[in-house]
>>> print(open('target.cif').read())   # mmCIF, C-alpha atoms
data_protein
#
loop_
_atom_site.group_PDB
_atom_site.id
_atom_site.type_symbol
_atom_site.label_atom_id
_atom_site.label_comp_id
_atom_site.auth_asym_id
_atom_site.auth_seq_id
_atom_site.Cartn_x
_atom_site.Cartn_y
_atom_site.Cartn_z
ATOM 1 C CA MET A 1 6.145 -16.212 -30.743
ATOM 2 C CA PRO A 2 8.337 -13.818 -28.737
ATOM 3 C CA ARG A 3 12.082 -14.344 -28.851
ATOM 4 C CA LYS A 4 13.859 -15.374 -25.729
ATOM 5 C CA ARG A 5 16.182 -12.732 -24.505
ATOM 6 C CA ARG A 6 19.680 -13.945 -23.808
ATOM 7 C CA SER A 7 21.082 -13.064 -20.449
ATOM 8 C CA HIS A 8 24.037 -10.734 -20.749
ATOM 9 C CA ARG A 9 27.147 -12.489 -19.593
ATOM 10 C CA PRO A 10 29.680 -10.117 -18.080
ATOM 11 C CA LYS A 11 32.912 -9.900 -20.036
ATOM 12 C CA HIS A 12 36.120 -11.050 -18.457
ATOM 13 C CA PRO A 13 38.108 -7.898 -17.594
ATOM 14 C CA ARG A 14 41.087 -9.125 -19.603
ATOM 15 C CA PHE A 15 39.025 -9.037 -22.800
ATOM 16 C CA ASP A 16 36.656 -6.119 -22.103
ATOM 17 C CA PRO A 17 37.367 -3.408 -24.709
ATOM 18 C CA ASP A 18 35.403 -0.866 -22.663
ATOM 19 C CA LEU A 19 37.985 -0.889 -19.875
ATOM 20 C CA GLY A 20 40.971 1.392 -20.217
ATOM 21 C CA LEU A 21 44.274 -0.345 -20.877
ATOM 22 C CA SER A 22 45.644 0.607 -17.469
ATOM 23 C CA ARG A 23 42.753 -1.210 -15.714
ATOM 24 C CA VAL A 24 42.986 -4.516 -17.593
ATOM 25 C CA PRO A 25 44.957 -7.498 -16.207
ATOM 26 C CA ILE A 26 48.067 -8.318 -18.212
ATOM 27 C CA ALA A 27 47.960 -11.633 -20.111
ATOM 28 C CA GLY A 28 51.698 -11.742 -20.802
ATOM 29 C CA GLN A 29 54.819 -9.635 -20.937
ATOM 30 C CA LEU A 30 58.025 -9.321 -22.898
ATOM 31 C CA ASP A 31 61.138 -7.645 -21.444
ATOM 32 C CA LEU A 32 63.425 -6.137 -24.086
ATOM 33 C CA HIS A 33 66.210 -4.905 -21.775
ATOM 34 C CA GLY A 34 69.637 -5.640 -23.222
ATOM 35 C CA LEU A 35 68.463 -6.150 -26.806
ATOM 36 C CA THR A 36 69.414 -4.064 -29.822
ATOM 37 C CA ALA A 37 66.612 -2.303 -31.703
ATOM 38 C CA ALA A 38 66.678 -4.958 -34.457
ATOM 39 C CA GLU A 39 66.590 -7.828 -31.928
ATOM 40 C CA ALA A 40 63.783 -6.108 -30.007
ATOM 41 C CA GLU A 41 61.681 -5.581 -33.143
ATOM 42 C CA SER A 42 62.026 -9.240 -34.070
ATOM 43 C CA ALA A 43 61.157 -10.351 -30.525
ATOM 44 C CA VAL A 44 58.080 -8.091 -30.432
ATOM 45 C CA ARG A 45 56.819 -9.359 -33.810
ATOM 46 C CA GLY A 46 57.034 -12.969 -32.606
ATOM 47 C CA PHE A 47 55.542 -12.173 -29.196
ATOM 48 C CA ILE A 48 52.557 -10.307 -30.670
ATOM 49 C CA ASP A 49 51.937 -13.071 -33.206
ATOM 50 C CA ARG A 50 52.026 -15.863 -30.588
ATOM 51 C CA SER A 51 49.996 -13.888 -28.037
ATOM 52 C CA ARG A 52 47.200 -12.924 -30.404
ATOM 53 C CA ARG A 53 46.813 -16.532 -31.558
ATOM 54 C CA ARG A 54 46.578 -17.763 -27.966
ATOM 55 C CA GLN A 55 44.403 -14.974 -26.567
ATOM 56 C CA PRO A 56 42.855 -12.601 -29.105
ATOM 57 C CA GLY A 57 41.697 -9.406 -27.410
ATOM 58 C CA ALA A 58 44.077 -9.805 -24.470
ATOM 59 C CA VAL A 59 46.350 -7.038 -23.178
ATOM 60 C CA VAL A 60 50.097 -7.638 -23.058
ATOM 61 C CA LEU A 61 52.969 -5.598 -21.657
ATOM 62 C CA ILE A 62 56.089 -4.870 -23.715
ATOM 63 C CA ILE A 63 58.876 -3.577 -21.465
ATOM 64 C CA THR A 64 61.363 -1.306 -23.231
ATOM 65 C CA GLY A 65 62.811 0.587 -20.302
ATOM 66 C CA LYS A 66 63.098 4.357 -20.240
ATOM 67 C CA GLY A 67 66.431 4.449 -22.059
ATOM 68 C CA LYS A 68 68.311 6.178 -19.249
ATOM 69 C CA SER A 69 71.339 3.891 -19.564
ATOM 70 C CA SER A 70 71.715 4.464 -23.318
ATOM 71 C CA ALA A 71 74.385 7.037 -24.156
ATOM 72 C CA ALA A 72 72.377 8.405 -27.096
ATOM 73 C CA GLY A 73 69.067 8.371 -25.211
ATOM 74 C CA PRO A 74 66.104 6.019 -25.624
ATOM 75 C CA VAL A 75 66.516 3.532 -28.481
ATOM 76 C CA LEU A 76 63.992 0.767 -27.874
ATOM 77 C CA ARG A 77 60.962 2.848 -26.924
ATOM 78 C CA PRO A 78 60.837 4.862 -30.190
ATOM 79 C CA ALA A 79 61.618 1.761 -32.275
ATOM 80 C CA ILE A 80 58.783 -0.244 -30.708
ATOM 81 C CA GLN A 81 56.406 2.717 -30.856
ATOM 82 C CA GLN A 82 57.046 2.997 -34.608
ATOM 83 C CA LEU A 83 56.565 -0.758 -35.017
ATOM 84 C CA LEU A 84 53.187 -0.606 -33.230
ATOM 85 C CA LYS A 85 52.085 2.335 -35.409
ATOM 86 C CA THR A 86 53.066 0.741 -38.718
ATOM 87 C CA THR A 87 53.992 -2.906 -39.222
ATOM 88 C CA LEU A 88 51.938 -4.324 -36.335
ATOM 89 C CA SER A 89 48.950 -1.999 -36.599
ATOM 90 C CA GLY A 90 46.848 -4.756 -38.176
ATOM 91 C CA TYR A 91 47.415 -7.024 -35.168
ATOM 92 C CA VAL A 92 46.955 -4.417 -32.458
ATOM 93 C CA GLU A 93 43.600 -2.963 -31.418
ATOM 94 C CA GLU A 94 45.115 -0.195 -29.276
ATOM 95 C CA TRP A 95 48.245 0.595 -27.311
ATOM 96 C CA SER A 96 49.512 3.167 -24.850
ATOM 97 C CA LEU A 97 52.603 3.985 -22.880
ATOM 98 C CA ASP A 98 52.362 2.387 -19.435
ATOM 99 C CA ASP A 99 52.208 4.620 -16.365
ATOM 100 C CA SER A 100 55.851 3.761 -15.677
ATOM 101 C CA GLU A 101 56.762 5.158 -19.133
ATOM 102 C CA GLY A 102 59.130 2.218 -19.577
ATOM 103 C CA ALA A 103 56.626 -0.123 -21.201
ATOM 104 C CA PHE A 104 53.721 -0.313 -23.627
ATOM 105 C CA ARG A 105 50.345 -1.846 -22.846
ATOM 106 C CA VAL A 106 48.989 -3.413 -26.019
ATOM 107 C CA ARG A 107 45.470 -4.758 -26.676
ATOM 108 C CA LEU A 108 45.630 -7.456 -29.369
ATOM 109 C CA ARG A 109 43.058 -7.980 -32.114
#
>>> encode(input="target.cif", output="structure tokens")
Amino acid sequence: MPRKRRSHRPKHPRFDPDLGLSRVPIAGQLDLHGLTAAEAESAVRGFIDRSRRRQPGAVVLIITGKGKSSAAGPVLRPAIQQLLKTTLSGYVEEWSLDDSEGAFRVRLR
């Protein structure tokens, strides 16, 4: 007996891994302006954890700013970039710097 072929349901764009990060709707965002690097890292850990439990596969925006108002240059962007590469790499499918260069787009696992 031949198997019935399932109709292919289109994926919701928010969860479609074939779309580039810049083309996917944002499921949530976190603004880190005004936080220290330690406060920002803690906030990002909690945000990623909550977001991936609510919507696995979704894309979120983490706003760091460009660091133009910091006397020593960007502080948050390199700290969050390092966090995404190391500690949070198991929770993150992919990430990239947003077109504005003041935020990261992150696809959750």
>>> residues_around(input="target.cif", residues="Ile63 (chain A)", least_positions_apart="2", cutoff="8 Å", atoms="only C-alpha atoms", output="PyMOL selection string")
chain A and resi 29-33+61+65+102-104
>>> residues_near_point(input="target.cif", point="(59.5, -0.5, -26.8)", cutoff="7 Å", atoms="only C-alpha atoms", output="MDAnalysis selection string")
chainID A and resid 62:64 76:81 103:104
>>> closest_residue(input="target.cif", among="A:Arg23, A:Thr36, A:Ala43, A:Val59", to="Arg105 (chain A)", atoms="all atoms listed in the file")
A:Val59
>>> closest_residue(input="target.cif", among="A:Ser96, A:Leu21, A:Ile26, A:Tyr91", to="Val60 (chain A)", atoms="all atoms listed in the file")
A:Ile26
>>> residues_around(input="target.cif", residues="region 86-89 of chain A", least_positions_apart="2", cutoff="10 Å", atoms="only C-alpha atoms", output="ChimeraX atom specification")
/A:44-45,48-49,80-84,91-95,108-109
>>> closest_residue(input="target.cif", among="A:Ser70, A:Ser51, A:Gly46, A:Ser22", to="Gly34 (chain A)", atoms="all atoms listed in the file")
A:Ser70
>>> atom_distance(input="target.cif", atom1="CA of Asp99 (chain A)", atom2="CA of Gly28 (chain A)")
17.0 Å
>>> closest_residue(input="target.cif", among="A:Pro74, A:Lys68, A:Arg52, A:Ala58", to="Gly90 (chain A)", atoms="only C-alpha atoms")
A:Arg52
>>> atom_distance(input="target.cif", atom1="CA of Ala27 (chain A)", atom2="CA of Val75 (chain A)")
25.4 Å
>>> build_atoms(input="target.cif", residues="region 78-107 of chain A", atoms="N, CA and C atoms", output="mmCIF file, in the frame of the given file")
data_model
loop_
_atom_site.group_PDB
_atom_site.id
_atom_site.type_symbol
_atom_site.label_atom_id
_atom_site.label_comp_id
_atom_site.auth_asym_id
_atom_site.auth_seq_id
_atom_site.Cartn_x
_atom_site.Cartn_y
_atom_site.Cartn_z
ATOM 1 N N PRO A 78 61.294 4.334 -28.892
ATOM 2 C CA PRO A 78 60.837 4.862 -30.190
ATOM 3 C C PRO A 78 60.754 3.800 -31.287
ATOM 4 N N ALA A 79 61.642 2.816 -31.253
ATOM 5 C CA ALA A 79 61.618 1.761 -32.275
ATOM 6 C C ALA A 79 60.346 0.932 -32.144
ATOM 7 N N ILE A 80 59.983 0.572 -30.926
ATOM 8 C CA ILE A 80 58.783 -0.244 -30.708
ATOM 9 C C ILE A 80 57.530 0.585 -30.950
ATOM 10 N N GLN A 81 57.551 1.840 -30.586
ATOM 11 C CA GLN A 81 56.406 2.717 -30.856
ATOM 12 C C GLN A 81 56.140 2.794 -32.365
ATOM 13 N N GLN A 82 57.187 2.948 -33.151
ATOM 14 C CA GLN A 82 57.046 2.997 -34.608
ATOM 15 C C GLN A 82 56.524 1.671 -35.155
ATOM 16 N N LEU A 83 57.010 0.572 -34.602
ATOM 17 C CA LEU A 83 56.565 -0.758 -35.017
ATOM 18 C C LEU A 83 55.067 -0.942 -34.744
ATOM 19 N N LEU A 84 54.607 -0.491 -33.580
ATOM 20 C CA LEU A 84 53.187 -0.606 -33.230
ATOM 21 C C LEU A 84 52.318 0.263 -34.143
ATOM 22 N N LYS A 85 52.841 1.420 -34.542
ATOM 23 C CA LYS A 85 52.085 2.335 -35.409
ATOM 24 C C LYS A 85 51.999 1.840 -36.847
ATOM 25 N N THR A 86 52.992 1.093 -37.296
ATOM 26 C CA THR A 86 53.066 0.741 -38.718
ATOM 27 C C THR A 86 52.891 -0.759 -38.947
ATOM 28 N N THR A 87 53.966 -1.495 -38.862
ATOM 29 C CA THR A 87 53.992 -2.906 -39.222
ATOM 30 C C THR A 87 52.978 -3.753 -38.457
ATOM 31 N N LEU A 88 52.822 -3.498 -37.169
ATOM 32 C CA LEU A 88 51.938 -4.324 -36.335
ATOM 33 C C LEU A 88 50.548 -3.739 -36.145
ATOM 34 N N SER A 89 50.240 -2.664 -36.815
ATOM 35 C CA SER A 89 48.950 -1.999 -36.599
ATOM 36 C C SER A 89 47.761 -2.897 -36.937
ATOM 37 N N GLY A 90 47.924 -3.842 -37.830
ATOM 38 C CA GLY A 90 46.848 -4.756 -38.176
ATOM 39 C C GLY A 90 46.586 -5.827 -37.123
ATOM 40 N N TYR A 91 47.539 -6.004 -36.205
ATOM 41 C CA TYR A 91 47.415 -7.024 -35.168
ATOM 42 C C TYR A 91 47.077 -6.441 -33.805
ATOM 43 N N VAL A 92 47.113 -5.113 -33.728
ATOM 44 C CA VAL A 92 46.955 -4.417 -32.458
ATOM 45 C C VAL A 92 45.693 -3.568 -32.496
ATOM 46 N N GLU A 93 44.828 -3.757 -31.518
ATOM 47 C CA GLU A 93 43.600 -2.963 -31.418
ATOM 48 C C GLU A 93 43.914 -1.555 -30.919
ATOM 49 N N GLU A 94 44.703 -1.477 -29.846
ATOM 50 C CA GLU A 94 45.115 -0.195 -29.276
ATOM 51 C C GLU A 94 46.350 -0.413 -28.428
ATOM 52 N N TRP A 95 47.065 0.664 -28.161
ATOM 53 C CA TRP A 95 48.245 0.595 -27.311
ATOM 54 C C TRP A 95 48.459 1.940 -26.653
ATOM 55 N N SER A 96 49.166 1.917 -25.534
ATOM 56 C CA SER A 96 49.512 3.167 -24.850
ATOM 57 C C SER A 96 50.777 2.941 -24.041
ATOM 58 N N LEU A 97 51.434 4.039 -23.743
ATOM 59 C CA LEU A 97 52.603 3.985 -22.880
ATOM 60 C C LEU A 97 52.116 3.695 -21.470
ATOM 61 N N ASP A 98 52.741 2.748 -20.796
ATOM 62 C CA ASP A 98 52.362 2.387 -19.435
ATOM 63 C C ASP A 98 52.648 3.561 -18.494
ATOM 64 N N ASP A 99 52.011 3.552 -17.345
ATOM 65 C CA ASP A 99 52.208 4.620 -16.365
ATOM 66 C C ASP A 99 53.668 4.791 -15.975
ATOM 67 N N SER A 100 54.429 3.705 -16.026
ATOM 68 C CA SER A 100 55.851 3.761 -15.677
ATOM 69 C C SER A 100 56.674 4.448 -16.759
ATOM 70 N N GLU A 101 56.118 4.591 -17.945
ATOM 71 C CA GLU A 101 56.762 5.158 -19.133
ATOM 72 C C GLU A 101 57.928 4.321 -19.636
ATOM 73 N N GLY A 102 58.076 3.111 -19.113
ATOM 74 C CA GLY A 102 59.130 2.218 -19.577
ATOM 75 C C GLY A 102 58.565 0.981 -20.244
ATOM 76 N N ALA A 103 57.272 1.044 -20.592
ATOM 77 C CA ALA A 103 56.626 -0.123 -21.201
ATOM 78 C C ALA A 103 55.390 0.319 -21.980
ATOM 79 N N PHE A 104 54.959 -0.540 -22.873
ATOM 80 C CA PHE A 104 53.721 -0.313 -23.627
ATOM 81 C C PHE A 104 52.704 -1.365 -23.228
ATOM 82 N N ARG A 105 51.471 -0.932 -23.016
ATOM 83 C CA ARG A 105 50.345 -1.846 -22.846
ATOM 84 C C ARG A 105 49.681 -1.957 -24.204
ATOM 85 N N VAL A 106 49.469 -3.178 -24.674
ATOM 86 C CA VAL A 106 48.989 -3.413 -26.019
ATOM 87 C C VAL A 106 47.777 -4.344 -25.970
ATOM 88 N N ARG A 107 46.647 -3.890 -26.539
ATOM 89 C CA ARG A 107 45.470 -4.758 -26.676
ATOM 90 C C ARG A 107 45.534 -5.389 -28.067
#
